[in-house]
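Trainee: Just dropping this structure here.
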Amino acid sequence: MGVIEILPVETDADYEAWRQVRIAVLPHERCPSVAEMRELATPQRLLLLAALDGKVVANGLSDRSNEAGRGVVAPRVRPEERRRGVGTRMLVALVEHAEAQGYIVAGCNAEDEGSLAFAQRFGFVETGRQVEQVRPIGPEPWPEPPTTYEIVTVAERPELWAAAYEQVALPTFPDMDVPTPLDVSAEQWATEWINDPAAMFVAVAGEKVIGVAGLMLDTDRPERAEVAYTGVRREWRGKAVASTLKRTSMAWAAEHGISEVYTWTQQGNDKMRRLNEHLGFTDRAVSINVRAALPLELTQEIGA
Ligand SMILES: CC(C)(COP(=O)(O)OP(=O)(O)OC[C@H]1O[C@@H](n2cnc3c(N)ncnc32)[C@H](O)[C@@H]1OP(=O)(O)O)[C@@H](O)C(=O)NCCC(=O)NCCS
């Protein structure tokens with residue numbers, strides 16, 4: 001067994017090392033830039049690195065989640081450095097922090113069988129699954145402009161993003177297939193749910209925002225983008241608002257050199273998954289949501 005050290009993330013170089021582990025573990029996903037990560041810093045949010053014999057091999061995140069009372073713990077070990085006890089040490093450190101914040105539940109995501117086995121070993125149980133859907137971007141025609149509402153970007157009408165929080169996000173979050181409703185503050189909506197206002201589209205009828213959809217751009221891999229939150233107010237459903245917004249995003253993507261968009265949807269959210277299939281998306285990865293009650297029973301036994 002090598003020597004495992006758990007290290008804080010402080011300098012830009014530490015942040016970059018943290019990002020590089022995350023990119024190695026989740027190559028298909030965009031990772032926030034150092035600047036974005038610094039902006040997300042809060043007292044509740046803990047980022048760690050783990051070194052094995054002096055070399056950084058893992059990272060970890062412990063933070064609040066979008067659900068009241070639940071914290072997130074995410075240990076990630078470079079694939080070639082697994083089964084050496086690093087994941088365990090990282091998990092213990094992250095759980096300790098989550099417990100100190102007073103959370104009663106910790107959640108994380110496992111994307112392969114080995115990671116699920118690891119989580120189960122520590123008492124985590126599956127609570128749901130998310131499916132990643134991917135679509136290659138080719139020449140994408142702009143949809144016909146709608147007649148009963150208008151589509152604008154947040155870059156054109158910045159004030160509409162805050163309005164979208166009240167008028168679309170809050171009323172549509174309960175429709176997502178998650179065990180407890182999302183608890184997202186207006187501030188998080190303004191910072192974490194959008195990255196480039198030119199790539200975020202809002203449907204407006206009169207003065208009311210009725211739908212949102214757009215892209216989260218990826219500065220490491222500008223040829224791909226993640227689909228941002230898509231939501232349409234209930235009274236406007238069944239009128240092609242979501243598909244028109246999504247087609248608008250795809251036409252924008254095509255014009256901006258993007259060759260692939262991907263999206264994560266709760267497995268139980270059949271409506272959204274079918275809409276995506278209809279738009280040409282196919283399934284790629286599955287992410288298993290797991291959670292455990294805190295304090296984690298095994299923490300004491302394993303020690304650190
Ligand atoms: C999950 C993860 C962090 C584990 O890291 P690790 O350094 O390999 O974990 P450890 O060496 O501390 O493993 C501890 C125990 O978990 C179990 N375990 C870990 N990986 C396993 C696998 N692939 N298959 C079966 N059991 C496994 C074993 O019981 C292992 O003990 P052992 O090696 O003595 O048999 C790592 O696989 C990873 O980064 N996965 C991708 C990210 C992820 O899904 N993280 C969230 C998990 S909640």
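Chain labels follow the order of the structure tokens: the first chain is A, the next B, and so on; residue numbering restarts at 1 in every chain, and ligands are counted from 1 in their shown order.
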Can you build me a table of stretch 135-222 of chain A residues sitting at most 9 Å from stretch 238-262 of chain A, with the closest atom pair per residue and its distance in Å to one decimal, using only C-alpha atoms, sorted by chain and residue number, as JSON lines?
Mentor:
```
{"residue": "A:Arg135", "atom": "CA", "partner": "A:Val261", "partner_atom": "CA", "distance": 5.4}
{"residue": "A:Pro136", "atom": "CA", "partner": "A:Glu260", "partner_atom": "CA", "distance": 4.4}
{"residue": "A:Ile137", "atom": "CA", "partner": "A:Ser259", "partner_atom": "CA", "distance": 4.7}
{"residue": "A:Gly138", "atom": "CA", "partner": "A:Ala254", "partner_atom": "CA", "distance": 6.4}
{"residue": "A:Pro139", "atom": "CA", "partner": "A:Ala254", "partner_atom": "CA", "distance": 6.2}
{"residue": "A:Glu140", "atom": "CA", "partner": "A:Ala251", "partner_atom": "CA", "distance": 4.7}
{"residue": "A:Pro141", "atom": "CA", "partner": "A:Ala251", "partner_atom": "CA", "distance": 5.8}
{"residue": "A:Trp142", "atom": "CA", "partner": "A:Ala251", "partner_atom": "CA", "distance": 5.3}
{"residue": "A:Pro143", "atom": "CA", "partner": "A:Thr248", "partner_atom": "CA", "distance": 6.3}
{"residue": "A:Glu144", "atom": "CA", "partner": "A:Thr244", "partner_atom": "CA", "distance": 8.4}
{"residue": "A:Pro145", "atom": "CA", "partner": "A:Thr244", "partner_atom": "CA", "distance": 8.7}
{"residue": "A:Pro146", "atom": "CA", "partner": "A:Thr244", "partner_atom": "CA", "distance": 8.2}
{"residue": "A:Tyr149", "atom": "CA", "partner": "A:Val241", "partner_atom": "CA", "distance": 9.0}
{"residue": "A:Ile151", "atom": "CA", "partner": "A:Leu245", "partner_atom": "CA", "distance": 7.5}
{"residue": "A:Ala199", "atom": "CA", "partner": "A:Ser249", "partner_atom": "CA", "distance": 7.0}
{"residue": "A:Met200", "atom": "CA", "partner": "A:Ser249", "partner_atom": "CA", "distance": 7.6}
{"residue": "A:Phe201", "atom": "CA", "partner": "A:Leu245", "partner_atom": "CA", "distance": 6.7}
{"residue": "A:Val202", "atom": "CA", "partner": "A:Leu245", "partner_atom": "CA", "distance": 7.6}
{"residue": "A:Ala203", "atom": "CA", "partner": "A:Leu245", "partner_atom": "CA", "distance": 7.4}
{"residue": "A:Ile210", "atom": "CA", "partner": "A:Val241", "partner_atom": "CA", "distance": 8.5}
{"residue": "A:Gly211", "atom": "CA", "partner": "A:Val241", "partner_atom": "CA", "distance": 7.0}
{"residue": "A:Val212", "atom": "CA", "partner": "A:Leu245", "partner_atom": "CA", "distance": 7.1}
{"residue": "A:Ala213", "atom": "CA", "partner": "A:Leu245", "partner_atom": "CA", "distance": 5.8}
{"residue": "A:Gly214", "atom": "CA", "partner": "A:Ser249", "partner_atom": "CA", "distance": 5.5}
{"residue": "A:Leu215", "atom": "CA", "partner": "A:Ser249", "partner_atom": "CA", "distance": 6.8}
{"residue": "A:Pro222", "atom": "CA", "partner": "A:Ile258", "partner_atom": "CA", "distance": 6.7}
```
Trainee: Go ahead and dump the residues you just picked, C-alpha atoms, as a PDB file, in the first residue's frame.
Mentor:
```
ATOM      1  CA  ARG A 135     -27.121  13.953 -30.626  1.00  0.00           C
ATOM      2  CA  PRO A 136     -24.643  14.715 -33.402  1.00  0.00           C
ATOM      3  CA  ILE A 137     -25.117  18.203 -34.820  1.00  0.00           C
ATOM      4  CA  GLY A 138     -25.197  18.455 -38.603  1.00  0.00           C
ATOM      5  CA  PRO A 139     -26.680  21.208 -40.728  1.00  0.00           C
ATOM      6  CA  GLU A 140     -29.603  22.242 -38.512  1.00  0.00           C
ATOM      7  CA  PRO A 141     -32.380  24.381 -39.986  1.00  0.00           C
ATOM      8  CA  TRP A 142     -33.715  27.208 -37.790  1.00  0.00           C
ATOM      9  CA  PRO A 143     -37.335  26.415 -36.892  1.00  0.00           C
ATOM     10  CA  GLU A 144     -40.128  28.577 -38.346  1.00  0.00           C
ATOM     11  CA  PRO A 145     -40.620  31.564 -36.019  1.00  0.00           C
ATOM     12  CA  PRO A 146     -43.614  30.814 -33.759  1.00  0.00           C
ATOM     13  CA  TYR A 149     -44.960  33.627 -28.710  1.00  0.00           C
ATOM     14  CA  ILE A 151     -38.009  33.311 -28.899  1.00  0.00           C
ATOM     15  CA  ALA A 199     -26.714  30.270 -26.082  1.00  0.00           C
ATOM     16  CA  MET A 200     -29.741  30.407 -23.778  1.00  0.00           C
ATOM     17  CA  PHE A 201     -33.204  30.766 -25.319  1.00  0.00           C
ATOM     18  CA  VAL A 202     -36.368  31.990 -23.691  1.00  0.00           C
ATOM     19  CA  ALA A 203     -39.923  31.755 -25.062  1.00  0.00           C
ATOM     20  CA  ILE A 210     -43.332  30.458 -20.854  1.00  0.00           C
ATOM     21  CA  GLY A 211     -40.322  28.276 -21.605  1.00  0.00           C
ATOM     22  CA  VAL A 212     -36.524  27.997 -21.481  1.00  0.00           C
ATOM     23  CA  ALA A 213     -33.917  25.831 -23.212  1.00  0.00           C
ATOM     24  CA  GLY A 214     -30.342  26.323 -24.267  1.00  0.00           C
ATOM     25  CA  LEU A 215     -26.770  25.130 -24.083  1.00  0.00           C
ATOM     26  CA  PRO A 222     -15.722  23.877 -27.771  1.00  0.00           C
TER      27      PRO A 222
END
```
Trainee: When the cut-off is 6 Å and you count only C-alpha atoms and all ligand atoms, which residues lie near ligand 1, shown as a PyMOL selection string?
Mentor: chain A and resi 74-77+82-88+108-111+114-115+117-119
Trainee: Could you go through stretch 169-262 of chain A and tell me which residues DSSP, when run on the backbone, assigns to alpha helix (DSSP H), listing them as an MDAnalysis selection string?
Mentor: chainID A and resid 170:172 186:192 241:255
Trainee: Please indicate the distance in Å from atom CA of A:Ala293 to atom CA of A:Leu61, rounded to one decimal place.
Mentor: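 These atoms are spaced 17.7 Å apart.
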Trainee: Going by DSSP on the backbone, which residues of stretch 18-221 of chain A come out as strand (DSSP E)? List them as JSON, numbers by chain.
Mentor: {"A": [46, 47, 48, 49, 50, 51, 52, 55, 56, 57, 58, 59, 60, 61, 62, 63, 64, 70, 71, 72, 73, 74, 75, 76, 77, 105, 106, 107, 108, 109, 110, 125, 126, 127, 128, 129, 130, 131, 132, 133, 134, 135, 136, 150, 151, 152, 153, 200, 201, 202, 203, 204, 205, 208, 209, 210, 211, 212, 213, 214, 215, 216, 217]}
Trainee: Let's have the selection written as a short mmCIF file (atom, residue, chain, number, x, y, z; two decimals), in the first residue's frame, with C-alpha atoms.
Mentor:
```cif
data_model
loop_
_atom_site.label_atom_id
_atom_site.label_comp_id
_atom_site.auth_asym_id
_atom_site.auth_seq_id
_atom_site.Cartn_x
_atom_site.Cartn_y
_atom_site.Cartn_z
CA LEU A 46 -15.30 21.43 0.02
CA LEU A 47 -12.92 20.43 -2.76
CA LEU A 48 -10.12 17.97 -2.03
CA LEU A 49 -7.32 16.20 -3.84
CA ALA A 50 -5.79 12.87 -2.91
CA ALA A 51 -2.18 11.99 -3.60
CA LEU A 52 -0.82 8.46 -3.68
CA LYS A 55 1.13 12.03 -7.08
CA VAL A 56 -2.41 13.41 -7.40
CA VAL A 57 -4.68 10.50 -8.34
CA ALA A 58 -8.11 11.52 -7.07
CA ASN A 59 -10.38 14.41 -6.31
CA GLY A 60 -13.41 14.89 -4.14
CA LEU A 61 -16.33 17.25 -3.72
CA SER A 62 -18.65 17.67 -0.75
CA ASP A 63 -21.38 20.26 -1.11
CA ARG A 64 -25.00 21.07 -0.50
CA ARG A 70 -29.13 16.26 1.51
CA GLY A 71 -25.44 16.83 0.83
CA VAL A 72 -23.46 15.65 -2.17
CA VAL A 73 -20.28 13.62 -1.75
CA ALA A 74 -18.32 12.75 -4.87
CA PRO A 75 -15.04 10.83 -4.63
CA ARG A 76 -13.35 10.26 -8.01
CA VAL A 77 -10.22 8.23 -8.60
CA VAL A 105 -28.52 12.24 3.83
CA ALA A 106 -25.55 12.05 1.44
CA GLY A 107 -25.99 11.40 -2.25
CA CYS A 108 -23.69 10.67 -5.13
CA ASN A 109 -23.71 9.21 -8.63
CA ALA A 110 -22.07 6.02 -9.87
CA VAL A 125 -28.66 2.45 -2.04
CA GLU A 126 -29.93 3.25 -5.50
CA THR A 127 -32.69 5.86 -5.64
CA GLY A 128 -32.93 6.56 -9.36
CA ARG A 129 -31.14 6.66 -12.65
CA GLN A 130 -30.31 9.31 -15.17
CA VAL A 131 -29.80 8.59 -18.81
CA GLU A 132 -27.42 10.53 -21.00
CA GLN A 133 -28.75 11.18 -24.49
CA VAL A 134 -26.48 12.39 -27.26
CA ARG A 135 -27.12 13.95 -30.63
CA PRO A 136 -24.64 14.71 -33.40
CA GLU A 150 -41.45 34.87 -29.40
CA ILE A 151 -38.01 33.31 -28.90
CA VAL A 152 -35.20 35.56 -27.68
CA THR A 153 -31.77 34.94 -26.18
CA MET A 200 -29.74 30.41 -23.78
CA PHE A 201 -33.20 30.77 -25.32
CA VAL A 202 -36.37 31.99 -23.69
CA ALA A 203 -39.92 31.75 -25.06
CA VAL A 204 -41.99 34.84 -24.19
CA ALA A 205 -45.74 35.30 -24.66
CA LYS A 208 -44.55 36.29 -19.59
CA VAL A 209 -41.72 33.78 -19.90
CA ILE A 210 -43.33 30.46 -20.85
CA GLY A 211 -40.32 28.28 -21.60
CA VAL A 212 -36.52 28.00 -21.48
CA ALA A 213 -33.92 25.83 -23.21
CA GLY A 214 -30.34 26.32 -24.27
CA LEU A 215 -26.77 25.13 -24.08
CA MET A 216 -23.97 25.09 -21.56
CA LEU A 217 -20.82 25.72 -23.54
#
```
Trainee: Between atom CA of A:Arg221 and atom CA of A:Ser33, what distance in Å does the model show, to one decimal?
Mentor: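 Interatomic distance here is 11.4 Å.
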Trainee: Considering only C-alpha atoms, state which residue in the set A:Ala68, A:Val9, A:Val227, A:Leu294 is at the smallest distance from A:Asp183.
Mentor: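 Under the stated criterion, the closest residue is A:Ala68.
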Trainee: Identify which of the residues A:Ala198, A:Val232, A:Ala93, A:Leu116 lies closest to A:Pro171, counting only C-alpha atoms when measuring atom-to-atom distances.
Mentor: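 Selected residue with least distance to A:Pro171: A:Val232.
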Trainee: Nearest to A:Thr265: which of A:Trp18, A:Phe281, A:Trp189, A:Tyr103 is it, counting only C-alpha atoms?
Mentor: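 Nearest to A:Thr265: A:Phe281.
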Trainee: For each of A:Met1, A:Gln101, A:Arg78, A:Tyr165, take the minimum atom-to-atom distance to A:Ala17, counting only C-alpha atoms, then give the residue where this is smallest.
Mentor: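 Using only C-alpha atoms, A:Ala17 sits closest to A:Arg78.
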Trainee: So the first atom is atom CA of A:Met176 and the second is atom CA of A:Arg30; what is the distance between them in Å, to one decimal place?
Mentor: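 We find that atom CA of A:Met176 and atom CA of A:Arg30 lie 22.4 Å from each other.
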Trainee: Give the answer as one residue: which of A:Val34, A:Glu29, A:Asn195, A:Arg45 has the shortest atom-to-atom distance to A:Asp14, using only C-alpha atoms?
Mentor: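 Checking each of A:Val34, A:Glu29, A:Asn195, A:Arg45 against A:Asp14, counting only C-alpha atoms, the winner is A:Val34.
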Trainee: Which residue out of A:Thr180, A:Phe122, A:Gln267, A:Met272 has the minimum interatomic distance to A:Val95 when only C-alpha atoms are used?
Mentor: A:Phe122
Trainee: Write out as JSON, numbers by chain which residues come within 10 Å of A:Val184 when counting only C-alpha atoms, dropping same-chain ones fewer than 2 positions away.
Mentor: {"A": [65, 66, 67, 68, 165, 169, 170, 173, 181, 182, 186, 187, 188, 189, 192, 193]}
